[in-house]
$ cat structure-v1.pdb   # PDB, C-alpha atoms
ATOM      1  CA  MET C   1       5.939 -34.847 -46.995  1.00  0.00           C
ATOM      2  CA  ASP C   2       6.965 -38.467 -46.694  1.00  0.00           C
ATOM      3  CA  THR C   3       5.866 -41.521 -44.709  1.00  0.00           C
ATOM      4  CA  THR C   4       7.730 -40.382 -41.587  1.00  0.00           C
ATOM      5  CA  THR C   5       6.801 -36.700 -41.461  1.00  0.00           C
ATOM      6  CA  PHE C   6       3.511 -35.016 -42.295  1.00  0.00           C
ATOM      7  CA  GLU C   7       0.917 -32.696 -40.795  1.00  0.00           C
ATOM      8  CA  VAL C   8      -2.605 -31.760 -41.887  1.00  0.00           C
ATOM      9  CA  THR C   9      -4.970 -29.485 -39.975  1.00  0.00           C
ATOM     10  CA  VAL C  10      -8.678 -29.086 -40.653  1.00  0.00           C
ATOM     11  CA  SER C  11     -11.499 -27.411 -38.725  1.00  0.00           C
ATOM     12  CA  LEU C  12     -14.967 -28.888 -38.296  1.00  0.00           C
ATOM     13  CA  GLN C  13     -18.100 -26.976 -37.409  1.00  0.00           C
ATOM     14  CA  ASP C  14     -20.443 -29.965 -37.233  1.00  0.00           C
ATOM     15  CA  THR C  15     -20.565 -33.690 -37.989  1.00  0.00           C
ATOM     16  CA  ARG C  16     -21.060 -33.395 -41.772  1.00  0.00           C
ATOM     17  CA  PHE C  17     -17.378 -33.943 -42.539  1.00  0.00           C
ATOM     18  CA  VAL C  18     -16.432 -36.381 -39.776  1.00  0.00           C
ATOM     19  CA  GLY C  19     -16.380 -39.194 -42.343  1.00  0.00           C
ATOM     20  CA  ALA C  20     -13.876 -37.257 -44.441  1.00  0.00           C
ATOM     21  CA  VAL C  21     -11.572 -36.862 -41.431  1.00  0.00           C
ATOM     22  CA  ARG C  22     -11.962 -40.564 -40.674  1.00  0.00           C
ATOM     23  CA  ALA C  23     -10.878 -41.334 -44.265  1.00  0.00           C
ATOM     24  CA  LEU C  24      -7.932 -38.928 -43.892  1.00  0.00           C
ATOM     25  CA  VAL C  25      -6.770 -40.663 -40.697  1.00  0.00           C
ATOM     26  CA  ASP C  26      -7.202 -44.117 -42.246  1.00  0.00           C
ATOM     27  CA  THR C  27      -5.210 -43.091 -45.321  1.00  0.00           C
ATOM     28  CA  ALA C  28      -2.476 -41.437 -43.238  1.00  0.00           C
ATOM     29  CA  ALA C  29      -2.078 -44.552 -41.097  1.00  0.00           C
ATOM     30  CA  LYS C  30      -1.836 -46.840 -44.123  1.00  0.00           C
ATOM     31  CA  TYR C  31       0.537 -44.394 -45.829  1.00  0.00           C
ATOM     32  CA  ALA C  32       2.820 -44.644 -42.791  1.00  0.00           C
ATOM     33  CA  GLY C  33       2.799 -48.454 -43.036  1.00  0.00           C
ATOM     34  CA  CYS C  34       0.077 -49.457 -40.606  1.00  0.00           C
ATOM     35  CA  PRO C  35      -1.854 -52.657 -41.420  1.00  0.00           C
ATOM     36  CA  PRO C  36      -5.315 -51.874 -42.883  1.00  0.00           C
ATOM     37  CA  GLU C  37      -7.294 -53.392 -39.989  1.00  0.00           C
ATOM     38  CA  GLU C  38      -5.363 -51.398 -37.399  1.00  0.00           C
ATOM     39  CA  ALA C  39      -5.668 -48.212 -39.479  1.00  0.00           C
ATOM     40  CA  ALA C  40      -9.445 -48.696 -39.729  1.00  0.00           C
ATOM     41  CA  ARG C  41      -9.758 -49.266 -35.969  1.00  0.00           C
ATOM     42  CA  PHE C  42      -7.765 -46.126 -35.183  1.00  0.00           C
ATOM     43  CA  ALA C  43      -9.778 -44.076 -37.690  1.00  0.00           C
ATOM     44  CA  GLY C  44     -12.976 -45.331 -36.033  1.00  0.00           C
ATOM     45  CA  ASP C  45     -11.684 -44.266 -32.609  1.00  0.00           C
ATOM     46  CA  VAL C  46     -10.914 -40.818 -34.009  1.00  0.00           C
ATOM     47  CA  GLU C  47     -14.390 -40.592 -35.543  1.00  0.00           C
ATOM     48  CA  ASN C  48     -16.022 -41.457 -32.207  1.00  0.00           C
ATOM     49  CA  THR C  49     -13.927 -38.807 -30.454  1.00  0.00           C
ATOM     50  CA  LEU C  50     -14.823 -36.184 -33.059  1.00  0.00           C
ATOM     51  CA  ARG C  51     -18.541 -36.916 -32.769  1.00  0.00           C
ATOM     52  CA  ALA C  52     -18.378 -36.636 -28.977  1.00  0.00           C
ATOM     53  CA  CYS C  53     -16.456 -33.362 -29.134  1.00  0.00           C
ATOM     54  CA  LEU C  54     -18.776 -31.858 -31.727  1.00  0.00           C
ATOM     55  CA  GLY C  55     -21.786 -32.867 -29.651  1.00  0.00           C
ATOM     56  CA  ASP C  56     -20.443 -30.757 -26.781  1.00  0.00           C
ATOM     57  CA  ARG C  57     -19.606 -27.659 -28.850  1.00  0.00           C
ATOM     58  CA  ARG C  58     -21.613 -24.543 -29.594  1.00  0.00           C
ATOM     59  CA  PRO C  59     -23.061 -24.502 -33.107  1.00  0.00           C
ATOM     60  CA  ASP C  60     -20.943 -21.492 -34.103  1.00  0.00           C
ATOM     61  CA  GLY C  61     -17.632 -22.913 -32.821  1.00  0.00           C
ATOM     62  CA  LEU C  62     -14.953 -24.639 -34.859  1.00  0.00           C
ATOM     63  CA  LEU C  63     -13.155 -27.788 -33.787  1.00  0.00           C
ATOM     64  CA  PRO C  64      -9.559 -27.869 -35.056  1.00  0.00           C
ATOM     65  CA  VAL C  65      -8.195 -31.338 -35.842  1.00  0.00           C
ATOM     66  CA  THR C  66      -4.536 -32.029 -36.602  1.00  0.00           C
ATOM     67  CA  VAL C  67      -3.284 -35.302 -38.083  1.00  0.00           C
ATOM     68  CA  ARG C  68       0.495 -35.529 -37.874  1.00  0.00           C
ATOM     69  CA  ARG C  69       3.552 -37.714 -37.738  1.00  0.00           C
ATOM     70  CA  ALA C  70       7.094 -36.674 -36.907  1.00  0.00           C
ATOM     71  CA  ALA C  71       9.151 -39.872 -37.211  1.00  0.00           C
ATOM     72  CA  GLY C  72       7.117 -41.535 -34.463  1.00  0.00           C
ATOM     73  CA  PRO C  73       3.491 -42.466 -33.891  1.00  0.00           C
ATOM     74  CA  ILE C  74       0.655 -40.979 -35.885  1.00  0.00           C
ATOM     75  CA  GLU C  75      -1.056 -38.421 -33.679  1.00  0.00           C
ATOM     76  CA  VAL C  76      -4.459 -36.817 -33.949  1.00  0.00           C
ATOM     77  CA  LEU C  77      -4.906 -33.696 -31.839  1.00  0.00           C
ATOM     78  CA  VAL C  78      -8.497 -32.765 -31.091  1.00  0.00           C
ATOM     79  CA  ASP C  79      -9.977 -30.634 -28.314  1.00  0.00           C
ATOM     80  CA  GLY C  80      -6.943 -30.952 -26.031  1.00  0.00           C
ATOM     81  CA  GLN C  81      -6.685 -34.710 -26.550  1.00  0.00           C
ATOM     82  CA  VAL C  82      -3.948 -36.621 -28.346  1.00  0.00           C
ATOM     83  CA  LEU C  83      -4.907 -39.931 -29.914  1.00  0.00           C
ATOM     84  CA  SER C  84      -1.873 -41.869 -31.113  1.00  0.00           C
ATOM     85  CA  LEU C  85      -1.066 -44.965 -33.110  1.00  0.00           C
ATOM     86  CA  ASP C  86       2.372 -46.579 -33.168  1.00  0.00           C
ATOM     87  CA  VAL C  87       3.474 -47.665 -36.613  1.00  0.00           C
TER      88      VAL C  87
END

$ encode --input "structure-v1.pdb" --output "structure tokens"
Amino acid sequence: MDTTTFEVTVSLQDTRFVGAVRALVDTAAKYAGCPPEEAARFAGDVENTLRACLGDRRPDGLLPVTVRRAAGPIEVLVDGQVLSLDV
């Protein structure tokens, strides 16, 4: 793993750990060289998306979330959506 290539996948069942994923996204963006304010904004957008997706899911379902970068933008894959941040 380095600043240009990484991938982390987690699964959420409910909103208890949304803040942890937000912190993961914020850290990943800063690690890749994104300014702190922009990283925080992107992490907030991801958090809002996660909360909306979890609100629509069955209580027994898992929501996979992937945070990745492959020498391009940081991408967060969640529920068929791709949120991206150019760095």

$ resolve_selection --input "structure-v1.pdb" --expression "the PyMOL selection byres ((chain C and resi 32) around 8)" --output "PDB file with C-alpha atoms, in the coordinates of the input"
ATOM      1  CA  THR C   3       5.866 -41.521 -44.709  1.00  0.00           C
ATOM      2  CA  THR C   4       7.730 -40.382 -41.587  1.00  0.00           C
ATOM      3  CA  ALA C  28      -2.476 -41.437 -43.238  1.00  0.00           C
ATOM      4  CA  ALA C  29      -2.078 -44.552 -41.097  1.00  0.00           C
ATOM      5  CA  LYS C  30      -1.836 -46.840 -44.123  1.00  0.00           C
ATOM      6  CA  TYR C  31       0.537 -44.394 -45.829  1.00  0.00           C
ATOM      7  CA  GLY C  33       2.799 -48.454 -43.036  1.00  0.00           C
ATOM      8  CA  CYS C  34       0.077 -49.457 -40.606  1.00  0.00           C
ATOM      9  CA  VAL C  87       3.474 -47.665 -36.613  1.00  0.00           C
TER      10      VAL C  87
END

$ closest_residue --input "structure-v1.pdb" --among "C:Thr5, C:Leu12, C:Arg69, C:Val25" --to "Val46 in chain C" --atoms "all atoms listed in the file"
C:Val25

$ closest_residue --input "structure-v1.pdb" --among "C:Pro36, C:Leu50, C:Asp2, C:Val21" --to "Val67 in chain C" --atoms "only C-alpha atoms"
C:Val21

$ resolve_selection --input "structure-v1.pdb" --expression "the PyMOL selection byres ((chain C and resi 45) around 12)" --output "list of chain:residue names"
C:Val18, C:Gly19, C:Val21, C:Arg22, C:Val25, C:Asp26, C:Glu38, C:Ala39, C:Ala40, C:Arg41, C:Phe42, C:Ala43, C:Gly44, C:Val46, C:Glu47, C:Asn48, C:Thr49, C:Leu50, C:Arg51, C:Ala52, C:Val76, C:Val82, C:Leu83, C:Ser84, C:Leu85

$ atom_distance --input "structure-v1.pdb" --atom1 "CA of Gly72 in chain C" --atom2 "CA of Thr27 in chain C"
16.5 Å

$ resolve_selection --input "structure-v1.pdb" --expression "the PyMOL selection byres ((chain C and resi 64) around 10)" --output "PyMOL selection string"
chain C and resi 9-13+61-63+65-66+77-80

$ write_last_selection --input "structure-v1.pdb" --atoms "C-alpha atoms" --output "mmCIF file, in the frame of the given file"
data_model
loop_
_atom_site.group_PDB
_atom_site.id
_atom_site.type_symbol
_atom_site.label_atom_id
_atom_site.label_comp_id
_atom_site.auth_asym_id
_atom_site.auth_seq_id
_atom_site.Cartn_x
_atom_site.Cartn_y
_atom_site.Cartn_z
ATOM 1 C CA THR C 9 -4.970 -29.485 -39.975
ATOM 2 C CA VAL C 10 -8.678 -29.086 -40.653
ATOM 3 C CA SER C 11 -11.499 -27.411 -38.725
ATOM 4 C CA LEU C 12 -14.967 -28.888 -38.296
ATOM 5 C CA GLN C 13 -18.100 -26.976 -37.409
ATOM 6 C CA GLY C 61 -17.632 -22.913 -32.821
ATOM 7 C CA LEU C 62 -14.953 -24.639 -34.859
ATOM 8 C CA LEU C 63 -13.155 -27.788 -33.787
ATOM 9 C CA VAL C 65 -8.195 -31.338 -35.842
ATOM 10 C CA THR C 66 -4.536 -32.029 -36.602
ATOM 11 C CA LEU C 77 -4.906 -33.696 -31.839
ATOM 12 C CA VAL C 78 -8.497 -32.765 -31.091
ATOM 13 C CA ASP C 79 -9.977 -30.634 -28.314
ATOM 14 C CA GLY C 80 -6.943 -30.952 -26.031
#

$ closest_residue --input "structure-v1.pdb" --among "C:Asp14, C:Glu37, C:Asp86, C:Glu75" --to "Cys53 in chain C" --atoms "only C-alpha atoms"
C:Asp14

$ axis_aligned_box --input "structure-v1.pdb" --around "range 7-10 of chain C" --padding-each-side "4 Å" --output "AutoDock Vina command-line options"
--center_x -3.9 --center_y -30.9 --center_z -40.9 --size_x 17.6 --size_y 11.6 --size_z 9.9
